[in-house]
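Novice: Please find structure.txt (compact mmCIF, C-alpha atoms) on the next line:
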```txt
# COMPACT_ATOMS: atom_id res chain seq x y z
CA GLU X 1335 0.00 0.00 0.00
CA PHE X 1336 1.34 3.40 -0.99
CA VAL X 1337 1.60 5.99 1.76
CA SER X 1338 1.86 9.68 0.90
CA ALA X 1339 2.28 13.00 2.65
CA LYS X 1340 1.37 16.58 1.78
CA PHE X 1341 3.13 19.74 2.99
CA ASP X 1342 2.34 23.45 2.69
CA LYS X 1343 4.75 26.02 1.24
CA LEU X 1344 6.43 26.45 4.63
CA GLY X 1345 7.05 22.76 5.01
CA HIS X 1346 4.28 22.11 7.52
CA LEU X 1347 2.76 18.66 7.31
CA LEU X 1348 -0.87 18.84 6.20
CA TYR X 1349 -1.72 15.19 5.54
CA ALA X 1350 -0.27 11.75 6.12
CA GLY X 1351 -1.91 8.53 5.02
CA ASN X 1352 -2.92 6.52 2.02
CA SER X 1353 -2.48 7.70 -1.54
CA PHE X 1354 -4.62 10.70 -2.50
CA ALA X 1355 -5.31 8.98 -5.81
CA GLU X 1356 -6.87 6.12 -3.88
CA SER X 1357 -8.79 8.51 -1.61
CA GLY X 1358 -7.54 6.51 1.34
CA ALA X 1359 -7.81 7.32 5.01
CA GLY X 1360 -5.25 9.46 6.79
CA VAL X 1361 -4.64 12.16 9.36
CA THR X 1362 -5.15 15.81 8.41
CA PHE X 1363 -2.98 18.33 10.29
CA ASN X 1364 -3.68 21.99 11.03
CA PRO X 1365 -0.28 23.74 11.10
CA GLU X 1366 -1.73 26.81 12.85
CA ASN X 1367 -2.67 25.01 16.07
CA GLY X 1368 -1.27 21.51 15.65
CA GLU X 1369 -4.71 19.85 15.67
CA MET X 1370 -5.16 16.51 13.90
CA PHE X 1371 -8.35 15.23 12.26
CA ILE X 1372 -8.79 11.46 12.14
CA PRO X 1373 -11.69 10.46 9.88
CA ARG X 1374 -14.00 7.52 10.35
CA VAL X 1375 -13.58 4.95 7.59
CA GLU X 1376 -16.35 2.76 6.18
CA ASN X 1377 -15.66 0.14 3.50
CA GLY X 1378 -12.28 1.71 2.90
CA THR X 1379 -13.70 5.18 2.30
CA PRO X 1380 -12.97 8.06 4.73
CA LEU X 1381 -16.02 10.08 5.81
CA ASN X 1382 -16.41 13.77 6.63
CA PHE X 1383 -16.86 12.61 10.22
CA GLY X 1384 -14.32 11.74 12.84
CA THR X 1385 -12.34 13.09 15.78
CA VAL X 1386 -10.05 16.06 16.30
CA ILE X 1387 -7.05 15.65 18.60
CA SER X 1388 -5.10 18.60 20.01
CA ALA X 1389 -1.35 18.94 19.54
CA ASP X 1390 -0.79 17.37 22.98
CA GLY X 1391 -3.02 14.39 22.23
CA ILE X 1392 -6.26 15.41 23.96
CA LEU X 1393 -9.62 14.70 22.34
CA ILE X 1394 -11.28 18.04 21.67
CA TYR X 1395 -13.97 17.30 19.09
CA SER X 1396 -15.99 14.49 17.59
CA GLY X 1397 -18.36 15.01 14.70
CA ASP X 1398 -18.71 16.36 11.19
CA TYR X 1399 -15.58 17.92 9.73
CA LYS X 1400 -15.30 19.46 6.28
CA ASN X 1401 -12.58 21.44 4.53
CA GLY X 1402 -10.53 21.71 7.71
CA SER X 1403 -13.40 23.04 9.84
CA LYS X 1404 -15.98 21.77 12.29
CA GLU X 1405 -19.01 21.83 10.03
CA GLY X 1406 -22.31 20.10 10.76
CA THR X 1407 -23.15 18.29 13.99
CA GLY X 1408 -20.60 17.47 16.65
CA THR X 1409 -19.44 17.51 20.25
CA LEU X 1410 -16.75 19.81 21.64
CA PHE X 1411 -14.87 18.70 24.76
CA ASN X 1412 -13.06 20.47 27.57
CA SER X 1413 -9.49 19.48 28.36
CA ASP X 1414 -10.74 17.25 31.21
CA GLY X 1415 -12.98 15.28 28.84
CA THR X 1416 -16.28 16.84 29.89
CA VAL X 1417 -18.63 18.11 27.20
CA LYS X 1418 -18.37 21.83 26.42
CA TYR X 1419 -20.88 21.98 23.57
CA ILE X 1420 -23.00 19.58 21.58
CA GLY X 1421 -24.93 20.63 18.53
CA SER X 1422 -24.51 22.34 15.18
CA PHE X 1423 -21.34 24.02 13.89
CA ARG X 1424 -20.59 26.26 10.97
CA LYS X 1425 -16.98 27.12 10.17
CA ASN X 1426 -15.79 26.11 13.66
CA THR X 1427 -18.42 28.19 15.50
CA TYR X 1428 -21.65 27.26 17.25
CA SER X 1429 -24.40 27.87 14.70
CA GLY X 1430 -27.89 26.40 14.74
CA ASN X 1431 -29.30 24.42 17.65
CA GLY X 1432 -27.15 23.15 20.47
CA THR X 1433 -26.36 22.95 24.18
CA LEU X 1434 -23.50 24.93 25.74
CA ASN X 1435 -22.14 24.13 29.21
CA TYR X 1436 -20.59 27.21 30.81
CA ASP X 1437 -17.62 27.13 33.17
CA ASN X 1438 -19.83 28.37 36.05
CA GLY X 1439 -22.11 25.34 35.71
CA ASN X 1440 -24.92 27.07 33.84
CA THR X 1441 -26.30 25.43 30.71
CA TYR X 1442 -27.86 27.04 27.66
CA THR X 1443 -29.97 25.05 25.21
CA GLY X 1444 -31.32 26.69 22.10
CA GLU X 1445 -30.32 28.57 18.98
CA PHE X 1446 -26.87 29.98 18.20
CA VAL X 1447 -25.56 32.45 15.62
CA ASN X 1448 -21.83 33.18 15.24
CA GLY X 1449 -20.98 31.30 18.43
CA VAL X 1450 -23.41 32.99 20.85
CA PRO X 1451 -27.03 32.44 21.90
CA ASN X 1452 -29.29 34.08 19.34
CA GLY X 1453 -32.93 33.18 18.81
CA THR X 1454 -34.96 31.12 21.27
CA GLY X 1455 -33.34 29.33 24.18
CA VAL X 1456 -33.33 28.33 27.83
CA LEU X 1457 -30.63 29.07 30.44
CA LYS X 1458 -30.44 26.85 33.52
CA ASN X 1459 -28.32 27.05 36.68
CA PRO X 1460 -26.13 24.16 37.94
CA ALA X 1461 -29.10 22.74 39.87
CA GLY X 1462 -31.12 22.50 36.68
CA ASP X 1463 -33.50 25.34 37.57
CA VAL X 1464 -34.53 27.70 34.78
CA VAL X 1465 -32.86 31.12 34.99
CA TYR X 1466 -34.25 32.54 31.75
CA LYS X 1467 -36.28 31.24 28.85
CA GLY X 1468 -37.24 33.20 25.79
CA GLN X 1469 -35.64 35.20 23.04
CA TRP X 1470 -31.94 36.07 22.77
CA LYS X 1471 -29.83 38.35 20.61
CA LYS X 1472 -26.02 38.42 20.52
CA GLY X 1473 -25.76 36.41 23.73
CA MET X 1474 -28.16 38.53 25.80
CA TYR X 1475 -31.82 38.40 26.78
CA ASN X 1476 -33.61 40.32 24.03
CA GLY X 1477 -37.29 40.05 23.17
CA ASP X 1478 -40.08 38.18 24.93
CA GLY X 1479 -38.98 36.08 27.87
CA SER X 1480 -39.25 35.01 31.48
CA LEU X 1481 -36.54 35.65 34.08
CA TYR X 1482 -36.41 33.67 37.35
CA ASP X 1483 -34.41 33.99 40.57
CA GLU X 1484 -33.52 31.57 43.34
CA ASN X 1485 -36.20 33.01 45.65
CA GLY X 1486 -39.12 31.96 43.46
CA SER X 1487 -39.64 35.32 41.80
CA CYS X 1488 -40.33 35.58 38.09
CA CYS X 1489 -40.62 38.44 35.63
CA VAL X 1490 -42.43 37.89 32.33
CA GLY X 1491 -42.26 40.48 29.58
CA LYS X 1492 -39.96 42.31 27.18
CA PHE X 1493 -36.19 42.28 27.58
CA VAL X 1494 -33.54 44.56 26.10
CA ASN X 1495 -29.81 43.80 26.49
CA GLY X 1496 -30.35 41.47 29.41
CA GLU X 1497 -32.82 43.57 31.43
CA ALA X 1498 -36.61 43.75 31.62
CA ASN X 1499 -37.77 46.83 29.71
CA GLY X 1500 -41.32 47.76 28.76
CA SER X 1501 -44.49 45.98 29.84
CA GLY X 1502 -44.05 43.14 32.27
CA ILE X 1503 -45.67 41.05 34.98
CA CYS X 1504 -43.79 40.01 38.12
CA TYR X 1505 -44.65 37.04 40.30
CA SER X 1506 -43.52 35.74 43.67
CA ASN X 1507 -44.02 31.99 44.14
CA GLY X 1508 -46.64 32.04 41.41
CA VAL X 1509 -48.60 34.99 42.82
CA LYS X 1510 -48.71 38.25 40.87
CA VAL X 1511 -47.06 41.16 42.69
CA TYR X 1512 -46.68 43.73 39.90
CA ASP X 1513 -48.17 44.46 36.50
CA GLY X 1514 -46.86 47.42 34.52
CA GLN X 1515 -43.86 49.20 33.05
CA LEU X 1516 -40.26 48.23 33.81
CA SER X 1517 -36.96 49.92 33.06
CA ASP X 1518 -33.72 47.94 33.41
CA GLY X 1519 -35.52 45.49 35.65
CA ILE X 1520 -37.11 47.94 38.08
CA LYS X 1521 -40.60 49.45 38.31
CA SER X 1522 -40.68 52.65 36.31
CA GLY X 1523 -43.73 54.12 34.58
CA THR X 1524 -47.35 53.16 35.10
CA GLY X 1525 -48.25 50.01 36.97
CA ARG X 1526 -50.16 48.16 39.64
CA LEU X 1527 -48.70 46.70 42.84
CA TYR X 1528 -50.37 43.69 44.46
CA SER X 1529 -50.32 42.02 47.88
CA ASN X 1530 -51.91 38.62 48.46
CA GLY X 1531 -53.60 38.92 45.07
CA GLU X 1532 -55.18 42.31 45.78
CA CYS X 1533 -54.16 45.64 44.22
CA ILE X 1534 -52.66 47.94 46.86
CA TYR X 1535 -51.40 50.70 44.55
CA MET X 1536 -52.15 51.89 41.04
CA GLY X 1537 -50.29 54.76 39.42
CA SER X 1538 -46.82 56.05 38.58
CA PHE X 1539 -43.50 54.50 39.59
CA GLU X 1540 -39.92 55.70 39.38
CA ASN X 1541 -36.79 53.94 40.69
CA ASP X 1542 -38.94 51.09 42.04
CA MET X 1543 -41.00 53.46 44.25
CA PHE X 1544 -44.31 55.31 44.09
CA ASN X 1545 -43.56 58.57 42.28
CA GLY X 1546 -46.11 60.84 40.65
CA PHE X 1547 -49.86 60.46 40.67
CA GLY X 1548 -51.24 57.30 42.20
CA ILE X 1549 -53.93 55.68 44.28
CA SER X 1550 -53.27 53.32 47.16
CA TYR X 1551 -55.84 50.83 48.40
CA LYS X 1552 -56.52 48.93 51.58
CA ARG X 1553 -58.78 45.91 51.30
CA THR X 1554 -60.06 47.27 47.96
CA ASN X 1555 -61.13 50.60 49.51
CA GLU X 1556 -59.45 53.83 48.33
CA GLU X 1557 -56.99 55.10 50.92
CA TYR X 1558 -54.80 57.81 49.36
CA CYS X 1559 -55.24 59.50 46.00
CA GLY X 1560 -52.75 62.08 44.88
CA ILE X 1561 -49.06 62.79 44.41
CA TRP X 1562 -46.35 60.50 45.73
CA GLN X 1563 -42.63 61.07 46.11
CA ASP X 1564 -40.07 58.33 46.74
CA GLY X 1565 -42.75 56.00 48.06
CA LYS X 1566 -44.39 58.51 50.41
CA TYR X 1567 -47.75 60.25 50.01
CA ASN X 1568 -47.17 63.92 49.26
CA GLY X 1569 -50.74 65.19 49.15
CA ALA X 1570 -53.50 65.70 46.60
```
Could you render the structure as structure tokens?
Specialist:
Amino acid sequence: EFVSAKFDKLGHLLYAGNSFAESGAGVTFNPENGEMFIPRVENGTPLNFGTVISADGILIYSGDYKNGSKEGTGTLFNSDGTVKYIGSFRKNTYSGNGTLNYDNGNTYTGEFVNGVPNGTGVLKNPAGDVVYKGQWKKGMYNGDGSLYDENGSCCVGKFVNGEANGSGICYSNGVKVYDGQLSDGIKSGTGRLYSNGECIYMGSFENDMFNGFGISYKRTNEEYCGIWQDGKYNGA
């Protein structure tokens, strides 16, 4: 069997294996980072699928591989062998649907564009609890979504660059506590505040406090109606 090798203009080894004329199996080298691609062979024919080994011999990828790039579906590994990402690739970047495991233990499952969450997806914490689910753009919460915290609170509404902005509804352990406008995650604009399912204030908010014209209620009866400042009644 004839074995051949191919080098680039600088003398870097690009391929070693069976004869190119026979389209045999071999190892493809990347001279820029020292990575090696080992294709899977079926009936003597190498496939555009296999494994990528780092220069120091560590498995870093298994999956589709075309024209020297991760292209298609595959699994990317950390240096300790744990899975970093599993899903679709395009030109070595996450693109399409996949699951990304972050270094802090969080996990994102959903759509990717150019290597970052973009589209619809779900972020979970290390315990498997949902942190955010909804729309993403360039790796941040953008669009319609729901944001959760560890205390059982949830905000459902519009998000811009990672923060709730616009109309939203906030819940605490499944019970509505606020319905109205939000700015960077805090109450700002017109809204209603609830306690035990009953409205206790309706009016203007600023910096998470009653500010401007509003009406407070006690057991559904009107209590104060007028101008508020920094959460305190300031008169009619």
Novice: Need the shell around X:Gly1500: protein/DNA/RNA residues with any atom at most 10 Å away, counting all atoms listed in the file. Skip same-chain ones fewer than 5 positions apart. Format as an NGL selection string?
Specialist: :X and (1491-1494 or 1514-1519 or 1521-1523)
Novice: I want to know what sits within 10 Å of X:Ile1549, based on only C-alpha atoms, with residues of the same chain fewer than 5 positions away left out; could you give that as a ChimeraX atom specification?
Specialist: /X:1526,1534-1538,1544,1556-1562,1567
Novice: Hey, can you check how far atom CA of X:Tyr1466 sits from atom CA of X:Ile1520?
Specialist: 16.9 Å
Novice: Rounded to one decimal in Å, what is the spacing between atom CA of X:Lys1471 and atom CA of X:Gly1453?
Specialist: 6.3 Å
Novice: Hey, what's within 7 Å of X:Asn1452 if we count only C-alpha atoms and toss same-chain stuff fewer than 6 positions away? As a PyMOL selection string, please?
Specialist: chain X and resi 1445-1446+1470-1473
Novice: Can you write out the residues you just picked, keeping C-alpha atoms, as a short mmCIF file (atom, residue, chain, number, x, y, z; two decimals), keeping the file's coordinate frame?
Specialist:
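Okay, this is what ended up in out.cif:
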```
data_model
loop_
_atom_site.label_atom_id
_atom_site.label_comp_id
_atom_site.auth_asym_id
_atom_site.auth_seq_id
_atom_site.Cartn_x
_atom_site.Cartn_y
_atom_site.Cartn_z
CA GLU X 1445 -30.32 28.57 18.98
CA PHE X 1446 -26.87 29.98 18.20
CA TRP X 1470 -31.94 36.07 22.77
CA LYS X 1471 -29.83 38.35 20.61
CA LYS X 1472 -26.02 38.42 20.52
CA GLY X 1473 -25.76 36.41 23.73
#
```
Novice: Figure out the distance between atom CA of X:Leu1393 and atom CA of X:Gly1406, please, to one decimal in Å.
Specialist: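 These two atoms are separated by 18.0 Å.
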Novice: Can you tell me, as a ChimeraX atom specification, what residues are no more than 10 Å from X:Gly1531 when counting only C-alpha atoms, ignoring any on the same chain fewer than 4 positions away?
Specialist: /X:1509-1512,1527
Novice: Quick one: residues within 8 Å of X:Val1465, all atoms listed in the file, excluding same-chain residues fewer than 2 positions away - as a VMD selection string?
Specialist: chain X and resid 1456 to 1459 1463 1467 1481 to 1483
Novice: I need the residue nearest X:Pro1451 from this list: X:Pro1373, X:Gly1421, X:Gly1430, X:Gly1384. Use all atoms listed in the file for the distance.
Specialist: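 For X:Pro1451, the nearest of the given residues is X:Gly1430.
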Novice: Give as a VMD selection string every residue, naming chains and numbers as the document does, that has an atom within 8 Å of (-18.8, 16.4, 13.4), counting all atoms listed in the file.
Specialist: chain X and resid 1382 to 1385 1395 to 1399 1404 to 1409
Novice: Return stretch 1471-1496 of chain X, completed with N, CA and C atoms, as a PDB file, in the coordinates of the input.
Specialist:
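Now in rebuild.pdb:
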```pdb
ATOM      1  N   LYS X1471     -30.505  37.701  21.732  1.00  0.00           N
ATOM      2  CA  LYS X1471     -29.830  38.350  20.610  1.00  0.00           C
ATOM      3  C   LYS X1471     -28.402  38.679  21.025  1.00  0.00           C
ATOM      4  N   LYS X1472     -27.440  38.184  20.265  1.00  0.00           N
ATOM      5  CA  LYS X1472     -26.020  38.420  20.520  1.00  0.00           C
ATOM      6  C   LYS X1472     -25.622  38.050  21.947  1.00  0.00           C
ATOM      7  N   GLY X1473     -26.150  36.930  22.427  1.00  0.00           N
ATOM      8  CA  GLY X1473     -25.760  36.410  23.730  1.00  0.00           C
ATOM      9  C   GLY X1473     -26.455  37.026  24.923  1.00  0.00           C
ATOM     10  N   MET X1474     -27.460  37.876  24.700  1.00  0.00           N
ATOM     11  CA  MET X1474     -28.160  38.530  25.800  1.00  0.00           C
ATOM     12  C   MET X1474     -29.665  38.337  25.670  1.00  0.00           C
ATOM     13  N   TYR X1475     -30.375  38.488  26.820  1.00  0.00           N
ATOM     14  CA  TYR X1475     -31.820  38.400  26.780  1.00  0.00           C
ATOM     15  C   TYR X1475     -32.341  39.573  25.951  1.00  0.00           C
ATOM     16  N   ASN X1476     -33.043  39.277  24.889  1.00  0.00           N
ATOM     17  CA  ASN X1476     -33.610  40.320  24.030  1.00  0.00           C
ATOM     18  C   ASN X1476     -34.887  39.797  23.397  1.00  0.00           C
ATOM     19  N   GLY X1477     -36.002  40.477  23.699  1.00  0.00           N
ATOM     20  CA  GLY X1477     -37.290  40.050  23.170  1.00  0.00           C
ATOM     21  C   GLY X1477     -38.179  39.552  24.284  1.00  0.00           C
ATOM     22  N   ASP X1478     -39.151  38.721  23.945  1.00  0.00           N
ATOM     23  CA  ASP X1478     -40.080  38.180  24.930  1.00  0.00           C
ATOM     24  C   ASP X1478     -39.409  37.072  25.732  1.00  0.00           C
ATOM     25  N   GLY X1479     -39.597  37.118  27.053  1.00  0.00           N
ATOM     26  CA  GLY X1479     -38.980  36.080  27.870  1.00  0.00           C
ATOM     27  C   GLY X1479     -39.448  36.097  29.303  1.00  0.00           C
ATOM     28  N   SER X1480     -38.932  35.133  30.057  1.00  0.00           N
ATOM     29  CA  SER X1480     -39.250  35.010  31.480  1.00  0.00           C
ATOM     30  C   SER X1480     -37.951  34.840  32.250  1.00  0.00           C
ATOM     31  N   LEU X1481     -37.750  35.680  33.271  1.00  0.00           N
ATOM     32  CA  LEU X1481     -36.540  35.650  34.080  1.00  0.00           C
ATOM     33  C   LEU X1481     -36.896  35.205  35.500  1.00  0.00           C
ATOM     34  N   TYR X1482     -36.131  34.240  36.031  1.00  0.00           N
ATOM     35  CA  TYR X1482     -36.410  33.670  37.350  1.00  0.00           C
ATOM     36  C   TYR X1482     -35.226  33.908  38.289  1.00  0.00           C
ATOM     37  N   ASP X1483     -35.506  33.945  39.599  1.00  0.00           N
ATOM     38  CA  ASP X1483     -34.410  33.990  40.570  1.00  0.00           C
ATOM     39  C   ASP X1483     -34.557  32.850  41.560  1.00  0.00           C
ATOM     40  N   GLU X1484     -33.552  32.698  42.422  1.00  0.00           N
ATOM     41  CA  GLU X1484     -33.520  31.570  43.340  1.00  0.00           C
ATOM     42  C   GLU X1484     -34.556  31.663  44.443  1.00  0.00           C
ATOM     43  N   ASN X1485     -35.211  32.826  44.590  1.00  0.00           N
ATOM     44  CA  ASN X1485     -36.200  33.010  45.650  1.00  0.00           C
ATOM     45  C   ASN X1485     -37.624  32.730  45.195  1.00  0.00           C
ATOM     46  N   GLY X1486     -37.777  32.275  43.959  1.00  0.00           N
ATOM     47  CA  GLY X1486     -39.120  31.960  43.460  1.00  0.00           C
ATOM     48  C   GLY X1486     -39.799  33.100  42.739  1.00  0.00           C
ATOM     49  N   SER X1487     -39.071  34.193  42.527  1.00  0.00           N
ATOM     50  CA  SER X1487     -39.640  35.320  41.800  1.00  0.00           C
ATOM     51  C   SER X1487     -39.455  35.133  40.304  1.00  0.00           C
ATOM     52  N   CYS X1488     -40.365  35.717  39.540  1.00  0.00           N
ATOM     53  CA  CYS X1488     -40.330  35.580  38.090  1.00  0.00           C
ATOM     54  C   CYS X1488     -40.838  36.862  37.454  1.00  0.00           C
ATOM     55  N   CYS X1489     -40.179  37.277  36.383  1.00  0.00           N
ATOM     56  CA  CYS X1489     -40.620  38.440  35.630  1.00  0.00           C
ATOM     57  C   CYS X1489     -40.857  37.998  34.186  1.00  0.00           C
ATOM     58  N   VAL X1490     -42.041  38.269  33.689  1.00  0.00           N
ATOM     59  CA  VAL X1490     -42.430  37.890  32.330  1.00  0.00           C
ATOM     60  C   VAL X1490     -42.701  39.151  31.532  1.00  0.00           C
ATOM     61  N   GLY X1491     -42.015  39.285  30.382  1.00  0.00           N
ATOM     62  CA  GLY X1491     -42.260  40.480  29.580  1.00  0.00           C
ATOM     63  C   GLY X1491     -41.216  40.680  28.508  1.00  0.00           C
ATOM     64  N   LYS X1492     -40.934  41.940  28.201  1.00  0.00           N
ATOM     65  CA  LYS X1492     -39.960  42.310  27.180  1.00  0.00           C
ATOM     66  C   LYS X1492     -38.588  42.538  27.815  1.00  0.00           C
ATOM     67  N   PHE X1493     -37.560  42.103  27.096  1.00  0.00           N
ATOM     68  CA  PHE X1493     -36.190  42.280  27.580  1.00  0.00           C
ATOM     69  C   PHE X1493     -35.358  42.981  26.520  1.00  0.00           C
ATOM     70  N   VAL X1494     -34.475  43.859  26.979  1.00  0.00           N
ATOM     71  CA  VAL X1494     -33.540  44.560  26.100  1.00  0.00           C
ATOM     72  C   VAL X1494     -32.155  44.485  26.739  1.00  0.00           C
ATOM     73  N   ASN X1495     -31.202  43.900  26.022  1.00  0.00           N
ATOM     74  CA  ASN X1495     -29.810  43.800  26.490  1.00  0.00           C
ATOM     75  C   ASN X1495     -29.702  43.232  27.906  1.00  0.00           C
ATOM     76  N   GLY X1496     -30.479  42.186  28.162  1.00  0.00           N
ATOM     77  CA  GLY X1496     -30.350  41.470  29.410  1.00  0.00           C
ATOM     78  C   GLY X1496     -31.223  41.949  30.558  1.00  0.00           C
TER      79      GLY X1496
END
```
